[in-house]
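Trainee: So here's coords34.txt (compact mmCIF, C-alpha atoms).
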# COMPACT_ATOMS: atom_id res chain seq x y z
CA MET D 1 88.79 19.40 28.85
CA SER D 2 85.95 17.31 30.14
CA GLY D 3 84.37 13.90 29.93
CA LYS D 4 84.89 10.64 31.73
CA GLU D 5 88.07 9.67 29.90
CA PHE D 6 89.69 13.01 30.65
CA PHE D 7 88.99 12.87 34.37
CA VAL D 8 89.72 9.16 34.76
CA ASN D 9 93.08 9.77 33.10
CA ARG D 10 93.76 12.55 35.62
CA TYR D 11 92.95 10.19 38.52
CA GLU D 12 95.36 7.63 37.09
CA GLN D 13 98.06 10.28 37.02
CA LEU D 14 97.32 10.74 40.73
CA SER D 15 97.84 6.97 41.21
CA TRP D 16 94.20 6.01 41.65
CA LYS D 17 92.67 3.45 39.37
CA PHE D 18 89.08 4.38 38.62
CA GLU D 19 86.36 2.08 39.91
CA ASP D 20 82.68 2.77 40.06
CA ALA D 21 81.53 3.38 43.61
CA LYS D 22 78.21 3.36 45.36
CA PRO D 23 78.49 5.05 48.74
CA ARG D 24 76.44 3.42 51.50
CA GLN D 25 73.69 5.38 53.20
CA ALA D 26 74.81 6.55 56.61
CA ILE D 27 73.30 8.16 59.67
CA ARG D 28 74.85 10.08 62.55
CA ILE D 29 73.44 9.91 66.05
CA ASN D 30 72.80 13.27 67.67
CA THR D 31 74.21 12.34 71.05
CA THR D 32 72.78 15.35 72.89
CA ASN D 33 69.22 14.36 71.89
CA ALA D 34 69.61 10.58 71.86
CA LYS D 35 71.25 10.22 75.26
CA GLY D 36 69.60 7.42 77.23
CA LYS D 37 67.05 6.69 74.50
CA ASN D 38 68.29 3.29 73.27
CA LEU D 39 68.18 4.61 69.73
CA GLU D 40 69.84 1.60 68.10
CA GLU D 41 67.36 -0.73 69.76
CA ARG D 42 64.43 1.46 68.75
CA LEU D 43 65.58 1.56 65.14
CA GLN D 44 66.15 -2.17 65.10
CA THR D 45 62.58 -2.68 66.35
CA SER D 46 61.39 -0.54 63.45
CA GLY D 47 63.32 -2.72 61.00
CA VAL D 48 66.44 -0.57 60.53
CA GLN D 49 69.63 -2.61 60.63
CA LEU D 50 72.82 -0.68 61.22
CA ASP D 51 76.55 -1.33 60.91
CA LYS D 52 78.92 0.84 62.91
CA VAL D 53 81.19 2.91 60.68
CA PRO D 54 84.63 1.85 61.96
CA PHE D 55 86.22 5.28 61.64
CA LEU D 56 83.39 7.30 63.24
CA GLU D 57 82.27 7.49 66.83
CA THR D 58 78.62 8.25 66.16
CA GLY D 59 78.24 7.16 62.54
CA TYR D 60 76.38 4.09 61.27
CA TRP D 61 75.80 2.63 57.86
CA VAL D 62 72.28 1.52 57.07
CA ARG D 63 72.67 -2.16 56.17
CA ASN D 64 69.02 -2.79 55.56
CA SER D 65 65.80 -0.99 56.32
CA LYS D 66 62.12 -1.81 56.07
CA VAL D 67 61.28 1.87 56.52
CA THR D 68 62.55 5.11 55.03
CA VAL D 69 65.23 6.26 57.48
CA GLY D 70 64.36 9.87 56.72
CA ALA D 71 60.76 9.42 57.86
CA THR D 72 60.91 7.65 61.22
CA ALA D 73 59.69 9.31 64.43
CA GLU D 74 63.27 9.12 65.73
CA TYR D 75 64.52 11.09 62.72
CA LEU D 76 61.73 13.67 62.98
CA LEU D 77 62.52 14.11 66.67
CA GLY D 78 66.17 14.86 65.85
CA LEU D 79 67.67 11.78 67.49
CA TYR D 80 69.76 11.16 64.38
CA SER D 81 70.57 12.78 61.06
CA ILE D 82 71.17 11.30 57.65
CA GLN D 83 74.74 12.22 56.82
CA GLU D 84 77.15 10.57 54.44
CA ALA D 85 79.99 8.83 56.32
CA ALA D 86 82.96 10.80 54.90
CA SER D 87 81.15 14.10 55.45
CA GLN D 88 80.91 13.27 59.16
CA ILE D 89 84.71 13.49 59.47
CA PRO D 90 85.46 17.27 59.26
CA ALA D 91 83.59 18.40 62.39
CA THR D 92 85.33 15.73 64.46
CA LEU D 93 88.80 17.08 63.71
CA PHE D 94 88.67 20.17 65.90
CA THR D 95 90.47 19.78 69.21
CA ASP D 96 87.79 20.98 71.59
CA PHE D 97 84.58 22.88 71.44
CA LYS D 98 83.26 23.70 74.85
CA ASP D 99 82.19 27.35 75.05
CA LYS D 100 83.99 28.18 71.82
CA THR D 101 82.96 30.61 69.12
CA VAL D 102 82.55 28.53 65.99
CA LEU D 103 81.87 29.55 62.40
CA ASP D 104 80.25 27.24 59.86
CA ALA D 105 80.99 29.36 56.83
CA CYS D 106 79.02 27.46 54.16
CA ALA D 107 76.39 25.90 56.36
CA ALA D 108 73.36 24.87 54.28
CA PRO D 109 71.73 22.38 54.22
CA GLY D 110 72.93 22.05 57.80
CA GLY D 111 74.06 18.46 58.40
CA LYS D 112 77.48 19.56 59.63
CA THR D 113 76.03 22.56 61.49
CA VAL D 114 73.88 20.24 63.58
CA GLN D 115 76.89 17.97 64.11
CA LEU D 116 78.95 20.96 65.32
CA ALA D 117 76.17 21.98 67.74
CA ASP D 118 76.03 18.40 69.01
CA LEU D 119 79.81 18.30 69.53
CA MET D 120 79.57 21.67 71.30
CA SER D 121 76.78 20.25 73.51
CA ASN D 122 74.89 23.42 72.61
CA THR D 123 77.43 25.56 74.51
CA GLY D 124 79.28 28.61 73.17
CA ALA D 125 78.11 30.21 69.95
CA LEU D 126 77.79 28.69 66.51
CA VAL D 127 77.54 31.21 63.68
CA ALA D 128 76.22 29.65 60.47
CA LEU D 129 76.36 31.40 57.11
CA ASP D 130 75.04 30.65 53.68
CA VAL D 131 74.94 32.86 50.65
CA LYS D 132 71.75 31.38 49.17
CA LYS D 133 68.61 32.43 51.01
CA GLN D 134 66.48 29.56 49.69
CA ARG D 135 69.02 27.09 51.15
CA LEU D 136 68.57 28.64 54.59
CA VAL D 137 65.09 27.09 54.79
CA ALA D 138 66.57 23.58 54.84
CA LEU D 139 69.24 24.74 57.29
CA VAL D 140 66.82 26.17 59.84
CA ASN D 141 64.46 23.18 59.50
CA HIS D 142 67.44 21.03 60.37
CA LEU D 143 68.28 23.21 63.38
CA GLU D 144 64.70 23.15 64.64
CA ARG D 145 64.29 19.40 64.12
CA CYS D 146 67.51 18.66 65.99
CA GLN D 147 66.75 21.18 68.77
CA VAL D 148 69.91 23.20 68.28
CA THR D 149 69.92 26.15 70.68
CA ASN D 150 73.35 27.77 70.26
CA ALA D 151 73.27 28.82 66.60
CA VAL D 152 72.76 32.15 64.88
CA VAL D 153 72.20 32.09 61.14
CA TYR D 154 73.00 34.81 58.62
CA ASN D 155 72.31 35.04 54.91
CA LEU D 156 75.88 35.97 54.10
CA ASP D 157 78.61 34.96 51.67
CA ALA D 158 81.53 33.22 53.42
CA ARG D 159 83.79 35.67 51.57
CA GLN D 160 82.20 38.48 53.58
CA ALA D 161 82.35 36.84 57.02
CA SER D 162 84.50 39.65 58.44
CA ARG D 163 81.47 41.97 58.08
CA LEU D 164 80.22 40.34 61.30
CA LYS D 165 83.25 41.79 63.10
CA LEU D 166 83.71 38.60 65.08
CA LYS D 167 86.77 36.45 65.68
CA PHE D 168 86.36 32.69 65.74
CA ASP D 169 88.10 29.91 67.66
CA ARG D 170 87.02 27.28 65.15
CA ILE D 171 86.01 27.62 61.50
CA LEU D 172 84.51 24.88 59.41
CA LEU D 173 85.06 25.64 55.76
CA ASP D 174 83.10 22.97 53.91
CA VAL D 175 83.36 24.90 50.69
CA PRO D 176 81.17 24.67 47.58
CA CYS D 177 83.00 22.35 45.19
CA SER D 178 82.75 20.42 41.94
CA GLY D 179 81.52 17.29 43.74
CA ASN D 180 82.42 13.82 42.57
CA PHE D 181 81.08 11.06 40.35
CA ALA D 182 80.11 8.81 43.28
CA ALA D 183 77.61 11.36 44.54
CA ASP D 184 76.30 12.41 41.12
CA GLY D 185 75.54 9.89 38.38
CA TYR D 186 75.94 12.54 35.64
CA TRP D 187 79.08 14.09 37.06
CA PHE D 188 81.34 13.28 34.10
CA GLU D 189 78.86 14.77 31.64
CA ARG D 190 78.38 17.93 33.67
CA ARG D 191 81.84 18.91 34.77
CA THR D 192 84.73 20.52 32.95
CA LEU D 193 88.18 21.54 34.08
CA ALA D 194 87.05 25.17 33.79
CA ASP D 195 84.40 24.48 36.51
CA VAL D 196 87.08 23.01 38.71
CA GLU D 197 89.32 26.04 38.26
CA ARG D 198 86.46 28.45 38.90
CA ASN D 199 85.56 26.63 42.11
CA ALA D 200 89.21 26.52 43.19
CA LYS D 201 89.41 30.31 42.89
CA LEU D 202 86.22 30.78 44.93
CA GLN D 203 87.58 28.40 47.57
CA ARG D 204 90.85 30.36 47.86
CA GLU D 205 88.82 33.54 48.46
CA MET D 206 86.92 31.74 51.22
CA LEU D 207 90.13 30.43 52.76
CA ALA D 208 91.57 33.95 52.81
CA GLU D 209 88.45 35.34 54.52
CA ALA D 210 88.41 32.51 57.05
CA ALA D 211 92.08 33.15 57.89
CA ALA D 212 91.24 36.82 58.46
CA CYS D 213 88.43 35.92 60.92
CA LEU D 214 90.41 33.31 62.84
CA ARG D 215 91.74 33.94 66.34
CA SER D 216 95.48 33.56 66.66
CA ASP D 217 95.20 30.14 68.33
CA GLY D 218 92.21 29.11 66.24
CA GLU D 219 91.67 26.18 63.90
CA ILE D 220 90.20 25.90 60.41
CA VAL D 221 88.97 22.62 59.00
CA TYR D 222 88.74 22.79 55.22
CA SER D 223 86.81 20.12 53.34
CA THR D 224 85.42 19.35 49.91
CA CYS D 225 83.71 16.40 48.28
CA SER D 226 85.79 16.98 45.17
CA LEU D 227 88.50 14.64 43.91
CA GLU D 228 90.23 17.34 41.92
CA PRO D 229 93.59 18.40 43.42
CA GLU D 230 93.11 22.03 42.32
CA GLU D 231 90.28 22.28 44.89
CA ASN D 232 92.17 20.32 47.52
CA GLU D 233 95.94 19.92 47.91
CA VAL D 234 96.80 22.75 45.52
CA ASN D 235 94.56 25.16 47.44
CA ILE D 236 96.07 24.09 50.75
CA ASP D 237 99.55 24.58 49.33
CA TRP D 238 98.44 28.10 48.32
CA ALA D 239 97.04 28.75 51.82
CA ILE D 240 100.33 27.74 53.43
CA LYS D 241 102.24 30.09 51.16
CA HIS D 242 99.89 33.08 51.25
CA LEU D 243 97.80 33.02 54.44
CA ASN D 244 100.26 32.30 57.21
CA LEU D 245 98.56 28.98 57.92
CA GLN D 246 100.11 25.63 58.69
CA VAL D 247 98.70 22.17 58.17
CA GLU D 248 98.10 20.12 61.30
CA GLU D 249 98.42 16.35 61.58
CA VAL D 250 95.04 14.64 61.81
CA ASP D 251 94.26 11.12 62.88
CA CYS D 252 91.39 10.09 60.66
CA TYR D 253 90.27 7.83 57.85
CA GLY D 254 91.75 8.47 54.39
CA GLN D 255 94.99 8.50 52.48
CA LYS D 256 97.71 11.09 52.87
CA GLY D 257 97.30 14.23 50.78
CA LEU D 258 99.15 14.35 47.49
CA THR D 259 102.39 16.32 47.48
CA LYS D 260 103.09 15.89 43.79
CA VAL D 261 100.27 16.96 41.48
CA PHE D 262 100.61 16.71 37.68
CA GLY D 263 104.33 17.35 37.88
CA SER D 264 104.19 20.15 40.48
CA GLN D 265 105.79 19.65 43.87
CA LEU D 266 103.70 20.94 46.79
CA ASP D 267 104.73 21.72 50.35
CA GLY D 268 105.55 18.50 52.20
CA SER D 269 103.09 19.27 55.00
CA VAL D 270 100.20 18.87 52.54
CA ALA D 271 100.67 15.14 53.13
CA CYS D 272 98.97 15.72 56.52
CA CYS D 273 95.67 16.33 54.70
CA ARG D 274 93.40 13.36 54.07
CA ARG D 275 92.07 12.31 50.69
CA ILE D 276 89.30 9.72 50.42
CA TRP D 277 88.77 8.05 47.07
CA PRO D 278 85.19 6.81 46.53
CA ALA D 279 84.32 3.29 47.68
CA GLU D 280 81.93 2.74 50.61
CA THR D 281 81.95 6.50 51.08
CA GLN D 282 81.84 9.26 48.51
CA GLY D 283 85.05 11.01 47.49
CA PHE D 284 86.26 13.53 50.06
CA PHE D 285 89.12 15.73 51.12
CA VAL D 286 89.79 17.20 54.53
CA CYS D 287 92.52 19.29 56.09
CA LYS D 288 93.09 21.00 59.43
CA LEU D 289 94.88 24.36 59.48
CA LYS D 290 96.22 26.59 62.22
CA LYS D 291 97.64 30.07 62.19
CA LEU D 292 101.39 30.06 62.08
CA VAL D 293 102.69 31.58 65.30
CA SER D 294 105.72 33.73 64.55
CA LYS D 295 108.81 32.79 66.58
CA ARG D 296 110.79 35.62 68.08
CA MET N 1 55.17 37.31 73.77
CA LYS N 2 51.47 37.44 74.54
CA ALA N 3 50.77 35.05 71.68
CA ILE N 4 53.20 32.52 73.14
CA LYS N 5 51.77 32.83 76.65
CA ASP N 6 48.21 32.56 75.32
CA PHE N 7 49.10 29.43 73.43
CA ALA N 8 50.71 27.90 76.53
CA PHE N 9 47.56 28.76 78.49
CA GLN N 10 45.39 27.03 75.86
CA CYS N 11 47.52 23.94 76.44
CA GLY N 12 47.00 24.18 80.20
CA ALA N 13 50.55 25.35 80.89
CA LYS N 14 51.99 28.45 82.50
CA LEU N 15 55.06 29.82 80.84
CA SER N 16 57.27 32.46 82.38
CA LEU N 17 59.30 34.20 79.74
CA ASN N 18 61.89 36.90 80.28
CA SER N 19 61.34 39.45 77.52
CA GLU N 20 65.07 40.22 77.58
CA PHE N 21 65.72 36.82 76.05
CA ILE N 22 62.93 36.77 73.46
CA LEU N 23 63.56 38.20 70.00
CA ASN N 24 60.88 38.93 67.43
CA LYS N 25 61.93 39.00 63.82
CA ASN N 26 59.08 39.65 61.38
CA GLY N 27 56.60 37.79 63.55
CA ARG N 28 58.97 34.90 64.27
CA TYR N 29 59.91 34.48 67.93
CA PHE N 30 63.24 33.17 69.20
CA LEU N 31 64.50 32.38 72.68
CA VAL N 32 68.17 33.19 73.15
CA ASN N 33 70.56 32.61 76.00
CA LYS N 34 72.95 35.12 77.55
CA ASN N 35 75.89 33.60 75.74
CA LEU N 36 74.43 34.05 72.30
CA ARG N 37 73.36 37.65 72.71
CA GLY N 38 76.75 39.07 71.80
CA TYR N 39 76.63 37.35 68.42
CA ILE N 40 73.26 38.61 67.26
CA GLN N 41 73.16 41.39 64.72
CA LYS N 42 70.02 42.97 63.40
CA ASP N 43 70.07 41.11 60.10
CA PHE N 44 70.07 37.63 61.62
CA TYR N 45 67.92 35.01 59.91
CA TYR N 46 67.50 32.53 62.78
CA VAL N 47 68.82 32.33 66.30
CA GLY N 48 68.74 30.16 69.43
CA THR N 49 65.50 28.30 69.99
CA TYR N 50 62.71 29.01 67.54
CA LEU N 51 59.43 29.35 69.44
CA GLY N 52 56.93 29.95 66.66
CA LYS N 53 55.45 32.60 64.42
CA VAL N 54 52.45 34.88 64.25
CA LYS N 55 50.78 34.96 60.88
CA LYS N 56 47.50 36.76 60.25
CA ARG N 57 47.11 37.19 64.02
CA LYS N 58 47.32 33.45 64.57
CA PHE N 59 50.16 31.85 66.51
CA PHE N 60 51.88 28.77 65.07
CA PRO N 61 54.05 27.14 67.74
CA SER N 62 57.34 25.47 66.89
CA PHE N 63 58.08 21.90 67.91
CA ASN N 64 60.75 23.27 70.24
CA LEU N 65 58.09 25.26 72.11
CA LEU N 66 55.86 22.18 72.30
CA ALA N 67 58.80 20.20 73.71
CA ILE N 68 59.36 22.92 76.34
CA LEU N 69 55.67 22.83 77.31
CA ALA N 70 55.74 19.03 77.40
CA ARG N 71 58.42 19.17 80.11
CA GLY N 72 55.98 21.13 82.30
CA ASP N 73 52.38 20.71 83.34
CA ALA N 74 50.64 21.06 79.96
CA ASN N 75 47.70 18.91 78.89
CA LYS N 76 49.01 15.68 77.44
CA ILE N 77 47.82 12.44 76.02
CA VAL N 78 50.19 9.50 75.78
CA VAL N 79 49.44 7.37 72.75
CA ASP N 80 50.41 3.88 71.65
CA LYS N 81 52.87 3.09 68.88
CA ARG N 82 50.29 2.78 66.10
CA ALA N 83 48.48 5.98 67.04
CA ALA N 84 51.84 7.78 67.29
CA TRP N 85 52.78 6.68 63.79
CA LEU N 86 49.43 7.69 62.32
CA PHE N 87 49.62 11.03 64.12
CA ILE N 88 52.99 11.94 62.60
CA CYS N 89 51.50 11.01 59.23
CA GLY N 90 48.98 13.79 59.81
CA ARG N 91 46.07 11.70 61.11
CA ASP N 92 43.81 12.29 64.12
CA ILE N 93 43.95 10.25 67.32
CA PHE N 94 41.24 7.67 67.98
CA ARG N 95 40.13 6.93 71.52
CA ARG N 96 41.57 3.42 71.36
CA GLY N 97 45.10 4.74 70.72
CA ILE N 98 45.24 6.78 73.95
CA LEU N 99 47.10 5.15 76.84
CA THR N 100 46.88 7.93 79.43
CA VAL N 101 45.53 11.46 79.75
CA ARG N 102 47.04 14.21 81.89
CA GLY N 103 45.44 17.60 82.40
CA SER N 104 42.32 18.72 80.58
CA LEU N 105 39.71 16.28 79.36
CA LYS N 106 37.51 19.05 78.04
CA LYS N 107 36.32 19.25 74.46
CA SER N 108 38.00 22.03 72.39
CA ASP N 109 41.04 22.36 74.68
CA HIS N 110 44.49 21.89 73.22
CA THR N 111 46.57 18.91 74.26
CA LEU N 112 50.08 17.75 73.48
CA VAL N 113 50.50 14.33 71.93
CA ILE N 114 53.26 12.26 73.54
CA ASN N 115 54.62 8.89 72.41
CA GLU N 116 55.39 5.94 74.69
CA PHE N 117 58.96 7.26 75.13
CA GLY N 118 57.75 10.58 76.51
CA GLU N 119 58.60 12.56 73.36
CA CYS N 120 56.28 15.27 72.08
CA LEU N 121 55.01 14.55 68.57
CA GLY N 122 52.82 17.60 68.17
CA PHE N 123 49.50 18.87 69.45
CA GLY N 124 45.83 18.70 68.70
CA LYS N 125 42.38 19.76 69.78
CA ILE N 126 40.31 17.54 72.03
CA ALA N 127 37.29 16.46 69.96
CA CYS N 128 35.18 14.79 72.64
CA ARG N 129 35.30 14.63 76.42
CA LEU N 130 38.12 12.21 77.11
CA ASP N 131 36.57 10.68 80.24
CA GLU N 132 33.26 9.85 78.60
CA LYS N 133 32.57 6.42 77.29
CA ALA N 134 33.11 6.92 73.64
CA LYS N 135 33.33 4.56 70.73
CA LYS N 136 36.86 3.27 70.39
CA THR N 137 36.87 4.34 66.77
CA GLU N 138 35.74 7.87 67.53
CA VAL N 139 38.22 10.69 66.91
CA ALA N 140 39.34 11.90 70.34
CA VAL N 141 42.00 14.45 69.35
CA LYS N 142 42.10 16.29 66.05
CA ASN N 143 45.60 16.74 64.67
CA ILE N 144 46.65 20.39 64.44
CA SER N 145 50.39 20.03 64.03
CA ASP N 146 52.80 17.09 64.13
CA VAL N 147 56.53 16.54 63.59
CA GLY N 148 55.84 14.95 60.20
CA ASP N 149 55.60 18.58 59.14
CA PHE N 150 59.41 18.62 58.81
CA LEU N 151 59.01 16.29 55.83
CA ARG N 152 55.98 18.04 54.37
CA ARG N 153 57.78 21.42 54.50
CA GLU N 154 60.52 20.19 52.20
CA ALA N 155 58.29 18.25 49.81
Spit out the file's structure as structure tokens when you get a sec.

Mentor:
Amino acid sequence: MSGKEFFVNRYEQLSWKFEDAKPRQAIRINTTNAKGKNLEERLQTSGVQLDKVPFLETGYWVRNSKVTVGATAEYLLGLYSIQEAASQIPATLFTDFKDKTVLDACAAPGGKTVQLADLMSNTGALVALDVKKQRLVALVNHLERCQVTNAVVYNLDARQASRLKLKFDRILLDVPCSGNFAADGYWFERRTLADVERNAKLQREMLAEAAACLRSDGEIVYSTCSLEPEENEVNIDWAIKHLNLQVEEVDCYGQKGLTKVFGSQLDGSVACCRRIWPAETQGFFVCKLKKLVSKR
Amino acid sequence: MKAIKDFAFQCGAKLSLNSEFILNKNGRYFLVNKNLRGYIQKDFYYVGTYLGKVKKRKFFPSFNLLAILARGDANKIVVDKRAAWLFICGRDIFRRGILTVRGSLKKSDHTLVINEFGECLGFGKIACRLDEKAKKTEVAVKNISDVGDFLRREA
């Protein structure tokens, strides 16, 4: 169960007609560092033309550039980061950050970690985990470049986060996933349904651990760059039924989450998730969860 | 801690550091704030503000430390746009690229390299007395470390 035809047929069953997509390169301004620095003007002077991403406050698409946007002085000084537009959404969905204890459970290579620190204005504490030690190098380079001061990094599997014996107000769970064809030219040749199912299981384990580390009034934002419902809506449906979590309404770019998947009916609240089919952005899925408060 | 203070001194800056807030992990130094302390366990990989590392008895400052020093009274040269670009590409600074000098002019001292926006791009070693009439094409500051290193590290 693999190949382009197999997956495209699945997408059609989910009411999306396959079209090839080429996501636009995007940047995100690090507001803490770029404050008062006329960054847009500076980039324009260097030959970088930007278009504001309509659904992001600090995100811009690179329309045209005479220079490599990942090699300008402004980039090296941490005034902005290169971050795909859809992947800028998850961190913006939390309600507030000031002085909070935040967990980025699958942090490397660190684009969203830096975004979280920026949204936190370097207040509170940001705990960043990644299971692969070699990926921590990119993460800490990112933290140093962007002058993040409120993070502590551990080489730890997200499924073992409770070892830290900490409770978190906010948890970003940008889980490892199967990816999507818009971000990987060989995706259809590489992926099988068995990969998707294996990833979905790993993601459920991470969701369960995150729920266990969450404060009673805390929030989890779950995201993937997978288009496969097993890793997205089906997992959220499972979390609602098994982890005492509820889906929160979010006001962001994307279509409503699917509530009917290959003949199975999911909980109606799964519609509050957001699914982004590839076009100007890559494919993406995002969902905000809260602990269900028992009514007496 | 001594290595950090010595480096600051070489750059003409005085740095007061509270040892309570400095952590040393395998020769890598981190500055942490009060808030973060409760979240640090002994097996941390990185925390707070990275200040630099000691390797083979030599101190390698981080760009965060250079930025901290640049906010104070360290030796600085402000360079023009072209010199700034060449510097972050790993090149030395020629006399003609220097707009202003603050602090030491002395050969062999360390100086921070600042762009026209006041941002610290790295540091270098003064190669000739900066107040002497020198050829415009003469190297004035030898590049020791520049922010282009973030790209070279991942290459």

Trainee: Can you pull out every residue within 8 Å of region 80-97 of chain N, counting only C-alpha atoms, but drop anything in the same chain fewer than 2 positions away, and send it as a list in words?

Mentor: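 Counting only C-alpha atoms, the residues come to Ala73 of chain D; Val78, Leu99, Ile114, Asn115, Glu116, Leu121, Gly122, Leu130, Ala134, Lys135, Lys136, Thr137, Glu138, Val139, Ala140, Val141, Lys142, Asn143, Ser145, Asp146, Val147, Gly148 and Asp149 of chain N.
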
Trainee: Between D:Glu209, D:Asp195, D:Glu74, D:Glu219, single out the one closest to chain N, counting all atoms listed in the file.

Mentor: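 Of D:Glu209, D:Asp195, D:Glu74, D:Glu219, the one nearest chain N, counting all atoms listed in the file, is D:Glu74.
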
Trainee: Could you list, as a ChimeraX atom specification, the residues of chain D having an atom within 6 Å of chain N when counting all atoms listed in the file?

Mentor: /D:76,125,149-154

Trainee: For Asp6 (chain N), please output as a ChimeraX atom specification all residues within 12 Å (counting all atoms listed in the file; exclusion window: fewer than 2 positions along the same chain).

Mentor: /N:1-4,8-16,58-61,110

Trainee: Have a look at D:Gly59, D:Gly111, D:Gly268, D:Gly254 and name the one nearest to Arg24 (chain D); count all atoms listed in the file.

Mentor: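 Comparing D:Gly59, D:Gly111, D:Gly268, D:Gly254 against Arg24 (chain D), the winner is D:Gly59.
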